[in-house]
Each structure stands twice: as C-alpha cells, then as structure tokens.
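Engineer: First the structure, then my questions, so here it is.
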Amino acid sequence: MSREKLVVIGNGMAPGRALERLFELAPGRYDVTIFNAEPRVNYDRIMLSPVLSGEKTYDDIVIHGDGWYVANGVTLYKGHKVVEIDRAARTVTSAEGVTASFDKLIIATGSLPIVIPVPGHDLAGVLTYRDLDDVHAMLLAARRGGRAVVIGGGLLGLEAAAGLREQGMDVTVLHLMPTLMERQLDTAAGHLLQKAVEARGIRVITRANTKALHGSDVRIGPAHVEAVELEDGTKLPADIVVMAVGIRPNAAIAKAAGLTVNRGIVVDAGMATSDPDIFALGECAEAGGQVFGLVAPLYEMAGVVASRLAGDASTVFNPSVTATKLKVTGINLFSAGDFADAKDREEIVLRDAARSVYKRLVLKNDRILGAVLYGDTADGAWFFDMIRKGADISELRETLIFGPAYAGGNAADPTAAVAALPDEAEICGCNGVCKGRITGAITTLGLKSLDEVRAQTKASASCGSCTPLVEQLIKLQLGDAYNPAAVQPMCPCTAHGHDEVRRLIVAKSLKSIPAVMQALEWRTSSGCAKCRPALNYYLIATWPGEYVDDNQSRFINERVHANIQKDGTYSVVPRMWGGMTSSSELRAIADIVDKFAIPAVKVTGGQRIDMLGVRKEDLPAVWADLGKAGMVSGAAYAKGLRTVKTCVGTDWCRFGTQDSTGLGVRIEKFMWGSWTPAKVKMAVSGCPRNCAEATCKDVGVICVESGYDIHFAGAAGLDIKGTEVLGHVTTEDEAIVVIAALVQLYREQGRYLERIYKWAKRVGIDTVRKQVLDDLERRQALFDRFVYSQKFSQTDPWAERVAGRDAHEFRPMKDLARAEAAE
Amino acid sequence: MTIMDTGWIDIGALDDVPRQGARIVRTPSGCIAVFRTADDRVFAIDDRCPHKGGPLSQGIVHGASVTCPLHNWVISLESGTAEGADEGSVACFRVKVEDGRIHLAASAIAFAVGDTSAT
Ligand code: SRM
Ligand SMILES: Cc1cc2nc3c(=O)[nH]c(=O)nc-3n(C[C@H](O)[C@H](O)[C@H](O)COP(=O)(O)OP(=O)(O)OC[C@H]3O[C@@H](n4cnc5c(N)ncnc54)[C@H](O)[C@@H]3O)c2cc1C
Ligand code: SF4
Ligand code: FES
C-alpha cells in the first residue's frame, strides 16, 4: 500500500511541532512534502531578537536542521512559495513550478506584518520584522551605523529597537498611544517601561502618528528612506525605518482556493477548514472566532492536527490563556490573561518605585483574570497557573500580590514559588511543558543539568525566559547535587564559560581585556595565565584590525615568536612552504647554525627544520639572517596555522592525481599568520595512498581523479583520531574556499585550546558540514571574514622584531655583570 | 664603586619594564627578574623557578603573581613562594621606585660584588 501524501504549506514553528508529534504518533504513515517561502529550515522565530542583538546566531535558533528532514524522509522545498491550491485536482503548485499532490494538506502560512500605507512606505530601507531576512537587512543597515526609527512600541517594536541599539544605531521608537504596550500595561507601568527603554539610550516618542516617509532624491539613485514625518510636522532623520505595528493572518491562497476565510482561515475544533482534508494551523488559522499570535496556543493547535492526522478524531483545540514576556535583556516584563478594564473587575496593584517593581492583578469574582508583572517577574508562573485554573483566591487575597512565598505564611524562600506550583502548572509556555513533566524527567531519566532537561523536555529551549524557573525546579529535585555551573567556567577568575564570554564580547561590543573583565565582573584584578591568553584570542578573532593585541597576555612562545626550551633557550623553525626547500635556504640555515653556534638541528615531524638551543638575545640576529634568505616564521609556537604537509603529487609521483604540493603551498601561503583557538595542522596527499598523512590532521586533503576530498577533525597527538570527511570539491579554488570557511567557523566558535576535532565533536560534524559546504551563502560569508582578518595577520613577526619591535624582550634591562667588569 | 655607598643600584626606568611584564638584570651569579604589575608595583626575584629552574621572567604576570612558562607553577611576587598545591620558593630582593627610576637593593648582588671575573 502506498503511503498517504501529506503536503504542508509553510515551514514555521506550528507545522514543525505538528510534524514532530505526528512522527511520534504515526511513524511512517505519511509521505511528507513541505513548501516554504523562506529559503531555510524551521527555526525559532521567537528568538530573532537575540539574533538581532548579537546574543545568538542563526545556528543557535535552528529547530530542525537539514538532517531532521532527511531522517524523517521529509521533502522540503526551500524558497518555494505556493501560489495555487487546486482542490479539484488535489495539488499545490509553487511559484518555481513544482506541483505536488496531496491526500491531506496543512496550510500554515503564518502572518504578514502590517505595513502602514503612508506615502513612502515602499521606499528602500523601510523594513518589517518577521523573519531572518528582516534581521539580516537590519544588521546590514546597522553595520553602517546611523539612525533607525521603529514604528510601534509593542513587544516586537521594543525588541527590534533594543537589538538595533545593541548594534550601535541611534534608535527612536514611535508609538501612537500615550504609553508603551498599552494593551498589556496601565499608564504607570508603561512609564516605568519607557524609562527603562530610554535608559538604554533609545528615544521614545509617544502619541506619534506617522504621516509620511521621505526618500532620497531619485536623481542621485534609487530612492532610500531618509526621514519620517509625523502628523504634527516633526521630521525625524532615518536611515532605516522598521514597521512593527501588528500582523495579519496570511490567508490569501486559502481564500483563492475557495476555503472559508474570515480574519484568518476558519477552522473547526479539529483544525479542519471548510474542506475536511485541508487543515489550517498557526497564526493563519481562526478558531472559535479568534486568531493567535503567540506560540503556546499554536503548539496546542499543532497537537490537535497531529492527532487528527494520526486518526484520532476526538482531540479538539481548546485555547487557553496566554502569557507573554518581553525578551529584552535586562528588562523584566510578564503579562498573562486579560487585563482590560471593565466595570465588574477589581484590581490589586503593588508599586515599589525605588526598586522599579510593579505588579497588577485583575480579578473578577475572586478569580484572577490577568496579571502584569514588571521588574520582578519571579511569581509569573504561579499567577499564570491560577489564571488557567480559575482558582478561587478569596482565602489568599490579603497577601496574594506578594506571591506564593507568602501564600501559606511561609518564609520568603526563592524556591518557594516553584515548590508551591502544582504538577500541572505550565513552566515553559513556548513548548507547553508543565512542572510534573520536568520533575518526572529529572527523576526517571536522572537528568543533572539544564542542558539535559532542555534536550529531554524542551522546557526553556525556545525563548529561554523560563530558564530560572526550570533551574529552580532542578535545584528543588536534586538539592545540593545540582551544580548550575555545569558550564565549566573559563578559570577561577570568572563564573562564565568560554562560549558565554565569546557571546558577550560580541553582544556587548567589548574590545579590550580590561573591558571584558569589567563588564563580565571578573573576580581577579587582572585575570590569570589561563583566561588572559583566551581573552586575547577571542578579542583578536572577533575584532580583526581593531583590537590591539596584548602581548603580555600571550604565552612566552607567542610573545617572542619562538619555542622556549627546558633550559630557557629557544628553538627556531622557519616556514618551508608545503615542506619544499632549496639549496639556498639550506645553505642559509647551515651558515646560521655555524655563526650562532646553535647546538642542534633537526628535521621535524612537520616537514621542516628546527634549530634548537638558540639564546634569547640571539633571536633577532638569527631571524635577520633567515629573513635575508627569504624565510619567515614557521609559527611552530603558535595557536595558529602550523604546517601544511604535502607529498610530491603529480609533480613527480607515478600515482599522483593532482598537484598536491602546489595546493599545499597555496594553502599555507594563503592561511599563514591567522590565529586560531588551538594549533592547526594540515596536509595534502596526492592520492589515497596518503603519504602526507592527511587523514590524521586538523584539515586534510586527499586528491583523487575527480578532484579533492576534504577531511577534517583528525588528530595524532594526545588523542589519535582519523579524520571525518567534510566533502568533495572539484577545483583547487573551491578547496581553498571551503578550507578557509571551515577554519573561520572554528576561529569563531572554538574554545581557546580546543583543537578542531574537539570542537567538531562538540558542535556536530553535520552542522559544520552544513555551514561550510552546503550553505553556499554562509560559506562565502565565512570565507570573506577569513580574508578580511588575514589582512591584519600576514606580517612576518620575525621581520618586525628584526626591525626593532619589542626590543625589550631580547635584551636584559641592565647587565650588572658586564657593568662591573667595565668599571 | 657606588654600589656599597648608596645601598641601591639604579637599574633603569619604570617604563623600561612593560606593565604586566618583566625584564632581567644580569648579575655575576645569575639573573634577577624584575616585574611590573598592572598597578605599577615593582618586584625583583630570582629568575629561577623553584620547580625546575624555569625563567620566571618569561611567564605571564597577573595580580602580584607570575605563572612559570615551563610547567605553570604560580609564584607570588610578594613572597617568592609557590601558590596552591606546589611547594617551593625563590629569593626576593628589595626594590624601590623613585622619580620613575627603579632601584635594586645592592644586597641583591652584594655577595657577587668584586667577583667581576664572572664575565
Ligand atoms: C619539533 C616537533 C617534533 C620533531 O622534532 O619533529 C614538535 C615539537 C613539539 N611539540 Fe609536537 N612537534 C612536532 C610535531 C608534532 C606532530 C606531528 C605533525 O605535526 O605532523 C604531532 C602530532 C599531530 C597532532 O598535533 O595532532 C605533535 C603533537 C604535539 C602535541 C599534542 C597535541 C594534541 O592536541 O594532542 C603537543 C602538546 C600541545 O600542543 O599541547 C605538542 C607540543 C610540542 C612542543 C611545542 C612542546 C612544547 O610546548 O614545548 C614541542 C616544541 C619543540 C620545539 O621547541 O620546537 N606536539 N607534534 C615537531 C614540529 C613540527 C613543526 O614543524 O612544526
Ligand atoms: C521577532 C518576533 C518575536 C516573537 N516573540 C514571541 C514570543 O516571545 N513569544 C511568543 O509566543 N511568540 C513570539 N512571536 C510570535 C511567534 O513567532 C509566531 O506566533 C509563530 O512563529 C507563528 O508560527 P506559524 O507556524 O504560524 O507561522 P510562521 O512561523 O510565521 O511560519 C510561516 C511560514 O510560512 C511561509 N509561507 C507563507 N506563505 C507561504 C506560501 N504561500 N508558500 C510557502 N510558504 C509560505 C513563510 O515564509 C513562513 O516561513 C514572535 C515573532 C516575531 C517575528
Ligand atoms: S600519496 Fe600518492 S601521490 Fe602522494 S606520494 Fe604517495 S603515492 Fe605518490
Ligand atoms: S620550571 Fe617552573 S613550573 Fe616547572
């Protein structure tokens, strides 16, 4: 029997969840095809704001990587917008001309951002805030600096404003109403929020009615937005304008197909549209006269659709109240339920201006209808649970606003709030995970860390705002056995792990070691021998050309560009590109060995020559002579590119398939000088006999008739590990682009002293491959960043020191032995 | 001979030593490492790690300590003793900074004075 065909239009968060459930409930039942207008996999749209602010990257927010589609046999058409649903023929067709037939169809086209139709709304530089492309457009604009005007002071608008501000733009928020987020907050709380937003350097103009957008002069090129004009005549200069004024269900194709559409696509309790084989799901759907704009109810819809498709006709969609949080780091705002004023409603309000805390509960008949918490949101889950259950609060009323810590006269224990929650209380709104599910998983699966709980239950895996609650739950379950610092701190000087530090360096634009230590609250005045070299590397890798290298934070080898030996002398290893040398180089080396009475000369395991036992004060003179013979530092001491070993390849070898020597030399000449988290060793072999031992290197190339097999993540030191295959390319040029992109990704993600094989194991071979091989755009971007950073790193450090740099390193401050003698 | 007269030897300017760095002063009986901390305090200790003789002047300076470049022992510049689990100590010498010049107590090399034949 052939499998039923399920087609999905749209690949957002709602259908992603529905398919996950469906594959659990009825594995293998459907042949699934997805069309997605966005050219990408399913990602966590909620987390676009942290991507905009620089706190996360796109990769961090992918929900289903390419591998997931492969593993589940799903065909995903990326960048295919469906333009027609033919209900008679049971097919859908994309703008690219692909037609797929269906037995069941899910429409999950989400929403469209509303664009206010003022004059100039279609100018270049006028953006909305809905998908990754919007974020990219904003980031691109932000790179040029300048002014941004955000129209709309709701959740989305404020998140966009905060992100753009983080990116260094001068930001103004325009809001039509007298106070921000007036749907969630009353006037007083709106002012508190406005103050907090303004404290981040964002200008807020309320009662601002946009009249027109003005563009640049068309005679000097395509018109680009230049200013926003308000009803009262005020003109605000703007390099970009972001409209975040609301969304509208995206129901056009459903309507064109003759399905019943009201505000959204009308569905019954089983999420079926007016055609029983067609479901609508997510923000595009209208259920019980309501449309939804938050993921929690959409995930509930997803569960219903999955059950229905799995053959269970009994589950129905029963939307519950929703809660929202503003995801702007440092501003705590929680609101849940319904808080509109009405005659029959009462409220309880707590204000603590000094602490900037505001809490408001809206009550009706001794039940909580809505809650707004500003400043201190710890009790959000507790209130939210009471709203959902319609709990009678008459007994608690006197202390209700103080939260669960006081509810039973208990002392104020930080975990009291979570302890007081019943098992069904929802902890993670995004993923609909209740307390019982989390505590159950901790006990039965023996979970010990936040990461494990996230992986097993999805709790706090989306927007992350419930992370503190989840951590408290783990703490409650495990007691002292829970060590929240499961993230290994970089060193005893800080509580932050390497990844966190790297992220914050970017997010907070930290550009010096003291700035990092200040902003991240280092515990020691000047770090230690562990964290300083790591910070120095992170800064140099993050801000090429801008960061001034701190020599005193480098290990001696990198400080003086030679390897210290056990007796305090140094070894000197010049580059021999790809292992090739010449009589003149060898002669120069021989002369130098004689001239400076260098005690030992050795051929290294890296296909070059090591002079050992050079006295420190002789180093500049040795380098001067090497330089005259055209030799530069081999960086045998560096956390950077070491050697590129080669074999003789087609130049000489009867089996060689490509010019392995030439490619090795090219790679080494292109990549030398770059700093990396740990050392990087490469090799190129001319055929699979692999005489250059490429399959145990950080990066290795095996030449074959049809091109180049690129390998990576090998090691042959403390650990022995054969490489993984990254992929195959057909030209030398492409090999170089892929290798540089790979190294750049490692430079950006690797923890200090973490070799490529360890990094690859941590982030996943597949994710690496996806980014440097499959995703051409991303590969190019990585390559470009590598090339950019190389502009600042290819100066031979030996030549610089021959010319006098850091002379103090090589000379005693005072020679009293000699001075005595002279006197 | 001025050394014994003053008790102090001018060994150079404060700025000859990089912040969070060190320079060496060669004496007939070995090298003395002169350190300058981030907050401009100056210390002088024997340039030989109590572990296996590593040149402490080549280490990374943090706070008032230095990490030996050979096997990462951490030595206190104030007391000359190894920190943490390691045991051992090196000689510390008196230094003072006046008018931007560093002066080393002559006693640091006093025992070597006169023995100029070492060079
Ligand atoms: C000179 C050389 C040995 C030789 O005489 O052939 C050598 C010498 C040292 N190796 Fe090596 N390694 C040398 C090839 C290798 C190789 C073989 C290779 O590159 O093909 C390996 C195994 C491959 C690998 O790295 O996976 C190798 C694995 C190591 C390791 C273990 C690294 C690991 O992550 O497992 C260390 C320790 C470390 O880096 O922390 C190390 C560290 C060292 C150090 C730097 C130890 C130190 O910190 O002082 C030695 C410095 C000697 C000096 O002053 O020059 N050396 N070392 C080789 C120099 C290659 C070059 O031209 O640059
Ligand atoms: C910046 C931002 C922050 C947010 N923060 C929160 C938050 O904190 N909490 C919360 O609960 N919610 C938040 N939301 C809302 C939440 O992201 C959405 O409710 C949710 O993603 C909607 O899911 P969906 O699957 O219905 O639609 P979407 O995720 O919008 O997916 C629809 C997809 O369908 C594609 N598509 C549209 N038409 C076609 C077509 N004709 N053919 C093929 N594909 C098509 C679109 O390209 C899109 O990829 C936020 C949204 C944004 C933009
Ligand atoms: S690997 Fe192949 S090309 Fe290279 S030397 Fe060996 S046989 Fe020749
Ligand atoms: S010689 Fe200093 S730590 Fe070993």
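Each chain in the structure tokens gets a letter, A, B, ..., in the order shown, and its residues are numbered from 1; ligands are numbered from 1 in order too.
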Quick one: everything within 6 Å of A:Gly215, counting only C-alpha atoms, minus sequence neighbours fewer than 2 positions away in the same chain. Send it as a PDB file with C-alpha atoms, in the first residue's frame.
Structural biologist:
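Wrote it out as selection_33.pdb, contents follow:
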```pdb
ATOM      1  CA  ALA A 223      15.209  56.391  -3.521  1.00  0.00           C
ATOM      2  CA  HIS A 224      16.093  55.304   0.001  1.00  0.00           C
ATOM      3  CA  VAL A 225      14.241  56.389   3.114  1.00  0.00           C
ATOM      4  CA  GLU A 226      15.710  59.497   4.725  1.00  0.00           C
TER       5      GLU A 226
END
```
Engineer: What do you get as number ranges by chain if you pick all residues at most 10 Å from ligand 3, counting only C-alpha atoms and all ligand atoms?
Structural biologist: A: 646-661, 684-694, 702-704
Engineer: Got a sec to pull out which chain A residues are within 12 Å of chain B, counting only C-alpha atoms, and send them as a VMD selection string?
Structural biologist: chain A and resid 493 514 523 to 533 550 to 560 563 to 570 616 to 617 806 to 823
Engineer: Please run DSSP on the backbone and report, as a PyMOL selection string, all residues within stretch 1-78 of chain B that come out as strand (DSSP E or B).
Structural biologist: chain B and resi 8-13+21-27+30-36+42-46+60-62+65-67+74-76
Engineer: Go ahead and save the picked residues with N, CA and C atoms, as a short mmCIF file (atom, residue, chain, number, x, y, z; two decimals), in the first residue's frame.
Structural biologist:
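Heads up, here's the output in again.cif:
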```
data_model
loop_
_atom_site.label_atom_id
_atom_site.label_comp_id
_atom_site.auth_asym_id
_atom_site.auth_seq_id
_atom_site.Cartn_x
_atom_site.Cartn_y
_atom_site.Cartn_z
N TRP B 8 71.71 51.14 47.04
CA TRP B 8 70.74 50.92 45.97
C TRP B 8 71.41 51.07 44.61
N ILE B 9 70.98 50.30 43.64
CA ILE B 9 71.52 50.42 42.29
C ILE B 9 70.39 50.82 41.35
N ASP B 10 70.66 51.87 40.61
CA ASP B 10 69.67 52.28 39.61
C ASP B 10 69.74 51.28 38.45
N ILE B 11 68.65 50.56 38.20
CA ILE B 11 68.72 49.56 37.13
C ILE B 11 67.94 49.97 35.88
N GLY B 12 67.28 51.11 35.94
CA GLY B 12 66.60 51.56 34.73
C GLY B 12 65.31 52.27 35.07
N ALA B 13 64.61 52.69 34.02
CA ALA B 13 63.36 53.43 34.22
C ALA B 13 62.20 52.45 34.42
N GLY B 21 54.60 42.77 32.84
CA GLY B 21 55.72 42.13 32.17
C GLY B 21 56.93 42.09 33.08
N ALA B 22 58.04 41.68 32.52
CA ALA B 22 59.26 41.58 33.31
C ALA B 22 60.47 41.82 32.43
N ARG B 23 61.58 42.22 33.06
CA ARG B 23 62.87 42.29 32.39
C ARG B 23 63.87 41.59 33.29
N ILE B 24 65.01 41.27 32.73
CA ILE B 24 66.01 40.66 33.61
C ILE B 24 67.18 41.60 33.83
N VAL B 25 67.78 41.41 34.99
CA VAL B 25 69.02 42.11 35.31
C VAL B 25 70.04 41.00 35.47
N ARG B 26 71.08 41.11 34.67
CA ARG B 26 72.09 40.06 34.74
C ARG B 26 73.08 40.39 35.86
N THR B 27 73.39 39.43 36.67
CA THR B 27 74.41 39.65 37.71
C THR B 27 75.44 38.53 37.56
N GLY B 30 73.93 35.13 38.26
CA GLY B 30 72.66 34.67 37.67
C GLY B 30 71.74 35.84 37.41
N CYS B 31 70.58 35.53 36.90
CA CYS B 31 69.68 36.61 36.52
C CYS B 31 68.64 36.90 37.60
N ILE B 32 68.33 38.18 37.72
CA ILE B 32 67.24 38.60 38.60
C ILE B 32 66.10 39.08 37.71
N ALA B 33 64.90 38.63 38.01
CA ALA B 33 63.75 39.05 37.21
C ALA B 33 63.08 40.24 37.89
N VAL B 34 62.87 41.31 37.12
CA VAL B 34 62.23 42.50 37.67
C VAL B 34 60.84 42.62 37.06
N PHE B 35 59.82 42.58 37.89
CA PHE B 35 58.44 42.57 37.41
C PHE B 35 57.75 43.90 37.65
N ARG B 36 56.84 44.21 36.76
CA ARG B 36 55.99 45.38 36.98
C ARG B 36 54.55 44.92 36.84
N VAL B 42 56.50 47.19 41.66
CA VAL B 42 57.68 46.55 41.07
C VAL B 42 58.23 45.52 42.06
N PHE B 43 58.60 44.36 41.55
CA PHE B 43 59.16 43.30 42.39
C PHE B 43 60.40 42.73 41.70
N ALA B 44 61.33 42.26 42.51
CA ALA B 44 62.51 41.60 41.94
C ALA B 44 62.70 40.26 42.63
N ILE B 45 62.77 39.22 41.84
CA ILE B 45 63.01 37.89 42.43
C ILE B 45 64.01 37.14 41.55
N ASP B 46 64.50 36.07 42.10
CA ASP B 46 65.44 35.23 41.37
C ASP B 46 64.74 34.70 40.12
N ILE B 60 53.63 34.68 32.48
CA ILE B 60 52.53 35.65 32.40
C ILE B 60 52.30 36.22 33.80
N VAL B 61 52.27 37.56 33.88
CA VAL B 61 52.10 38.24 35.16
C VAL B 61 50.63 38.55 35.37
N HIS B 62 50.11 38.19 36.53
CA HIS B 62 48.71 38.50 36.83
C HIS B 62 48.61 38.82 38.29
N SER B 65 51.42 37.98 40.91
CA SER B 65 51.95 36.63 40.75
C SER B 65 52.44 36.45 39.32
N VAL B 66 53.26 35.41 39.15
CA VAL B 66 53.69 35.08 37.79
C VAL B 66 53.51 33.58 37.60
N THR B 67 53.08 33.20 36.40
CA THR B 67 52.95 31.78 36.09
C THR B 67 54.19 31.36 35.29
N VAL B 74 52.62 28.72 39.86
CA VAL B 74 52.33 30.13 40.07
C VAL B 74 53.13 30.61 41.29
N ILE B 75 53.95 31.62 41.08
CA ILE B 75 54.83 32.10 42.13
C ILE B 75 54.39 33.50 42.57
N SER B 76 54.28 33.68 43.88
CA SER B 76 53.92 35.00 44.39
C SER B 76 55.12 35.95 44.28
#
```
Engineer: Please write out the residues within 7 Å of ligand 2 as a ChimeraX atom specification, counting only C-alpha atoms and all ligand atoms.
Structural biologist: /A:9-15,35-38,45-49,80-83,108-111,129-131,156,250,253,281-284,293-296,298,324-327,430,463
Engineer: Taking N, CA and C atoms for each residue, export the selection above as a compact mmCIF listing (two decimals), in the first residue's frame.
Structural biologist:
```txt
# COMPACT_ATOMS: atom_id res chain seq x y z
N ILE A 9 2.07 23.64 3.64
CA ILE A 9 2.46 24.94 3.06
C ILE A 9 2.93 25.82 4.21
N GLY A 10 4.19 26.17 4.19
CA GLY A 10 4.74 26.96 5.30
C GLY A 10 5.54 26.03 6.21
N ASN A 11 6.68 26.51 6.66
CA ASN A 11 7.53 25.66 7.50
C ASN A 11 7.90 26.40 8.77
N GLY A 12 6.89 26.99 9.40
CA GLY A 12 7.14 27.75 10.62
C GLY A 12 7.09 26.87 11.84
N MET A 13 6.96 27.53 12.99
CA MET A 13 7.05 26.81 14.25
C MET A 13 5.87 25.87 14.46
N ALA A 14 4.68 26.28 14.00
CA ALA A 14 3.49 25.47 14.26
C ALA A 14 3.53 24.13 13.49
N PRO A 15 3.72 24.15 12.17
CA PRO A 15 3.76 22.85 11.49
C PRO A 15 4.98 22.03 11.91
N PHE A 35 6.49 22.93 1.54
CA PHE A 35 6.91 24.07 0.73
C PHE A 35 7.10 25.24 1.67
N ASN A 36 8.26 25.88 1.58
CA ASN A 36 8.47 27.03 2.46
C ASN A 36 8.95 28.23 1.66
N ALA A 37 8.21 29.32 1.76
CA ALA A 37 8.60 30.52 1.02
C ALA A 37 9.96 31.02 1.51
N GLU A 38 10.24 30.86 2.79
CA GLU A 38 11.57 31.24 3.29
C GLU A 38 12.55 30.16 2.86
N ARG A 45 11.41 31.36 15.52
CA ARG A 45 11.17 32.76 15.17
C ARG A 45 11.21 33.66 16.40
N ILE A 46 10.75 33.12 17.51
CA ILE A 46 10.74 33.88 18.76
C ILE A 46 12.12 34.44 19.08
N MET A 47 13.14 33.72 18.66
CA MET A 47 14.50 34.09 19.05
C MET A 47 15.19 35.02 18.06
N LEU A 48 14.43 35.60 17.16
CA LEU A 48 15.07 36.53 16.23
C LEU A 48 15.67 37.73 16.96
N SER A 49 15.02 38.14 18.04
CA SER A 49 15.54 39.33 18.72
C SER A 49 16.95 39.11 19.28
N HIS A 80 10.36 27.98 -1.83
CA HIS A 80 9.24 27.75 -2.75
C HIS A 80 7.96 28.31 -2.15
N LYS A 81 7.44 29.33 -2.77
CA LYS A 81 6.18 29.89 -2.29
C LYS A 81 5.05 29.23 -3.05
N VAL A 82 4.09 28.68 -2.34
CA VAL A 82 2.95 28.06 -3.03
C VAL A 82 2.04 29.16 -3.55
N VAL A 83 1.70 29.07 -4.85
CA VAL A 83 0.87 30.12 -5.43
C VAL A 83 -0.53 29.62 -5.73
N ALA A 108 -0.14 26.45 6.67
CA ALA A 108 0.47 27.07 7.87
C ALA A 108 1.31 28.25 7.41
N THR A 109 0.63 29.19 6.81
CA THR A 109 1.34 30.30 6.18
C THR A 109 1.63 31.46 7.12
N GLY A 110 1.26 31.31 8.41
CA GLY A 110 1.63 32.34 9.38
C GLY A 110 0.92 33.66 9.15
N SER A 111 1.63 34.74 9.43
CA SER A 111 1.04 36.07 9.29
C SER A 111 1.90 36.93 8.40
N TYR A 129 9.46 43.35 10.60
CA TYR A 129 10.20 42.48 11.50
C TYR A 129 9.45 41.17 11.62
N ARG A 130 9.81 40.23 10.77
CA ARG A 130 9.10 38.97 10.79
C ARG A 130 10.01 37.77 10.64
N ASP A 131 11.00 37.88 9.75
CA ASP A 131 11.81 36.68 9.53
C ASP A 131 13.30 37.00 9.50
N LEU A 156 7.18 43.54 19.74
CA LEU A 156 8.10 43.41 18.61
C LEU A 156 8.91 44.67 18.38
N ASN A 250 -2.12 35.36 7.20
CA ASN A 250 -1.78 35.25 5.79
C ASN A 250 -2.67 34.18 5.16
N ILE A 253 -3.94 32.59 -0.14
CA ILE A 253 -4.06 31.42 -1.02
C ILE A 253 -5.24 30.54 -0.62
N LEU A 281 -3.34 25.86 10.31
CA LEU A 281 -2.63 25.73 11.57
C LEU A 281 -1.72 26.95 11.77
N GLY A 282 -1.68 27.44 13.00
CA GLY A 282 -0.77 28.54 13.28
C GLY A 282 -1.46 29.89 13.21
N GLU A 283 -0.68 30.91 12.99
CA GLU A 283 -1.22 32.26 13.01
C GLU A 283 -2.20 32.53 11.88
N CYS A 284 -2.18 31.70 10.83
CA CYS A 284 -3.10 31.94 9.72
C CYS A 284 -4.50 31.42 10.02
N GLY A 293 -1.36 34.95 18.15
CA GLY A 293 -0.07 35.49 17.75
C GLY A 293 1.07 35.09 18.67
N LEU A 294 0.83 34.06 19.48
CA LEU A 294 1.89 33.58 20.37
C LEU A 294 2.00 32.07 20.19
N VAL A 295 3.18 31.53 20.40
CA VAL A 295 3.35 30.12 20.05
C VAL A 295 2.61 29.13 20.93
N ALA A 296 2.39 29.44 22.19
CA ALA A 296 1.78 28.43 23.07
C ALA A 296 0.47 27.88 22.49
N LEU A 298 -0.49 28.02 19.45
CA LEU A 298 -0.21 27.42 18.15
C LEU A 298 0.29 25.99 18.33
N THR A 324 2.90 36.44 28.00
CA THR A 324 4.00 36.93 27.17
C THR A 324 5.09 37.53 28.04
N LYS A 325 6.26 37.53 27.46
CA LYS A 325 7.39 38.18 28.14
C LYS A 325 8.11 39.02 27.12
N LEU A 326 8.63 40.13 27.57
CA LEU A 326 9.43 40.98 26.67
C LEU A 326 10.85 40.44 26.70
N LYS A 327 11.37 40.09 25.52
CA LYS A 327 12.70 39.49 25.51
C LYS A 327 13.78 40.55 25.25
N CYS A 430 6.28 28.41 25.79
CA CYS A 430 6.58 28.19 24.37
C CYS A 430 6.34 26.74 23.98
N CYS A 463 12.28 30.43 23.93
CA CYS A 463 12.68 31.81 24.20
C CYS A 463 13.59 31.89 25.42
```
Engineer: Which residues are near ligand 1 - at most 6 Å, using only C-alpha atoms and all ligand atoms? Format: as a PDB file with N, CA and C atoms, in the first residue's frame.
Structural biologist:
```pdb
ATOM      1  N   ASN A 563      60.006  28.923  20.368  1.00  0.00           N
ATOM      2  CA  ASN A 563      59.578  27.985  21.400  1.00  0.00           C
ATOM      3  C   ASN A 563      60.591  27.916  22.529  1.00  0.00           C
ATOM      4  N   GLN A 565      62.619  26.405  25.519  1.00  0.00           N
ATOM      5  CA  GLN A 565      63.096  25.053  25.782  1.00  0.00           C
ATOM      6  C   GLN A 565      63.309  24.864  27.274  1.00  0.00           C
ATOM      7  N   SER A 571      63.881  27.569  20.387  1.00  0.00           N
ATOM      8  CA  SER A 571      64.077  26.893  19.114  1.00  0.00           C
ATOM      9  C   SER A 571      63.451  27.750  18.027  1.00  0.00           C
ATOM     10  N   THR A 604      61.854  18.195  11.584  1.00  0.00           N
ATOM     11  CA  THR A 604      60.693  17.992  12.452  1.00  0.00           C
ATOM     12  C   THR A 604      59.713  17.013  11.835  1.00  0.00           C
ATOM     13  N   GLY A 605      58.714  16.652  12.654  1.00  0.00           N
ATOM     14  CA  GLY A 605      57.639  15.809  12.152  1.00  0.00           C
ATOM     15  C   GLY A 605      56.731  16.592  11.213  1.00  0.00           C
ATOM     16  N   GLY A 606      56.977  17.877  11.068  1.00  0.00           N
ATOM     17  CA  GLY A 606      56.110  18.703  10.234  1.00  0.00           C
ATOM     18  C   GLY A 606      56.769  19.117   8.931  1.00  0.00           C
ATOM     19  N   GLN A 607      57.732  18.354   8.477  1.00  0.00           N
ATOM     20  CA  GLN A 607      58.390  18.619   7.195  1.00  0.00           C
ATOM     21  C   GLN A 607      59.105  19.964   7.131  1.00  0.00           C
ATOM     22  N   ARG A 608      59.881  20.250   8.152  1.00  0.00           N
ATOM     23  CA  ARG A 608      60.737  21.430   8.082  1.00  0.00           C
ATOM     24  C   ARG A 608      61.853  21.293   9.097  1.00  0.00           C
ATOM     25  N   ALA A 636      55.859  27.731  14.714  1.00  0.00           N
ATOM     26  CA  ALA A 636      55.848  26.421  15.377  1.00  0.00           C
ATOM     27  C   ALA A 636      55.418  26.552  16.833  1.00  0.00           C
ATOM     28  N   ARG A 642      50.065  25.966  11.704  1.00  0.00           N
ATOM     29  CA  ARG A 642      51.425  25.421  11.813  1.00  0.00           C
ATOM     30  C   ARG A 642      51.904  25.020  10.421  1.00  0.00           C
ATOM     31  N   THR A 643      51.779  23.736  10.130  1.00  0.00           N
ATOM     32  CA  THR A 643      52.366  23.251   8.876  1.00  0.00           C
ATOM     33  C   THR A 643      51.295  22.764   7.910  1.00  0.00           C
ATOM     34  N   ALA A 715      43.418  13.881  14.503  1.00  0.00           N
ATOM     35  CA  ALA A 715      44.432  14.218  15.495  1.00  0.00           C
ATOM     36  C   ALA A 715      45.381  13.050  15.620  1.00  0.00           C
ATOM     37  N   ALA A 716      46.627  13.360  16.001  1.00  0.00           N
ATOM     38  CA  ALA A 716      47.576  12.274  16.196  1.00  0.00           C
ATOM     39  C   ALA A 716      48.532  12.628  17.303  1.00  0.00           C
ATOM     40  N   GLY A 717      48.012  13.301  18.328  1.00  0.00           N
ATOM     41  CA  GLY A 717      48.851  13.674  19.446  1.00  0.00           C
ATOM     42  C   GLY A 717      48.378  12.943  20.688  1.00  0.00           C
ATOM     43  N   LEU A 718      47.855  13.718  21.629  1.00  0.00           N
ATOM     44  CA  LEU A 718      47.360  13.122  22.862  1.00  0.00           C
ATOM     45  C   LEU A 718      46.253  12.121  22.570  1.00  0.00           C
ATOM     46  N   ASP A 719      45.463  12.453  21.547  1.00  0.00           N
ATOM     47  CA  ASP A 719      44.444  11.522  21.080  1.00  0.00           C
ATOM     48  C   ASP A 719      44.785  11.172  19.654  1.00  0.00           C
TER      49      ASP A 719
END
```
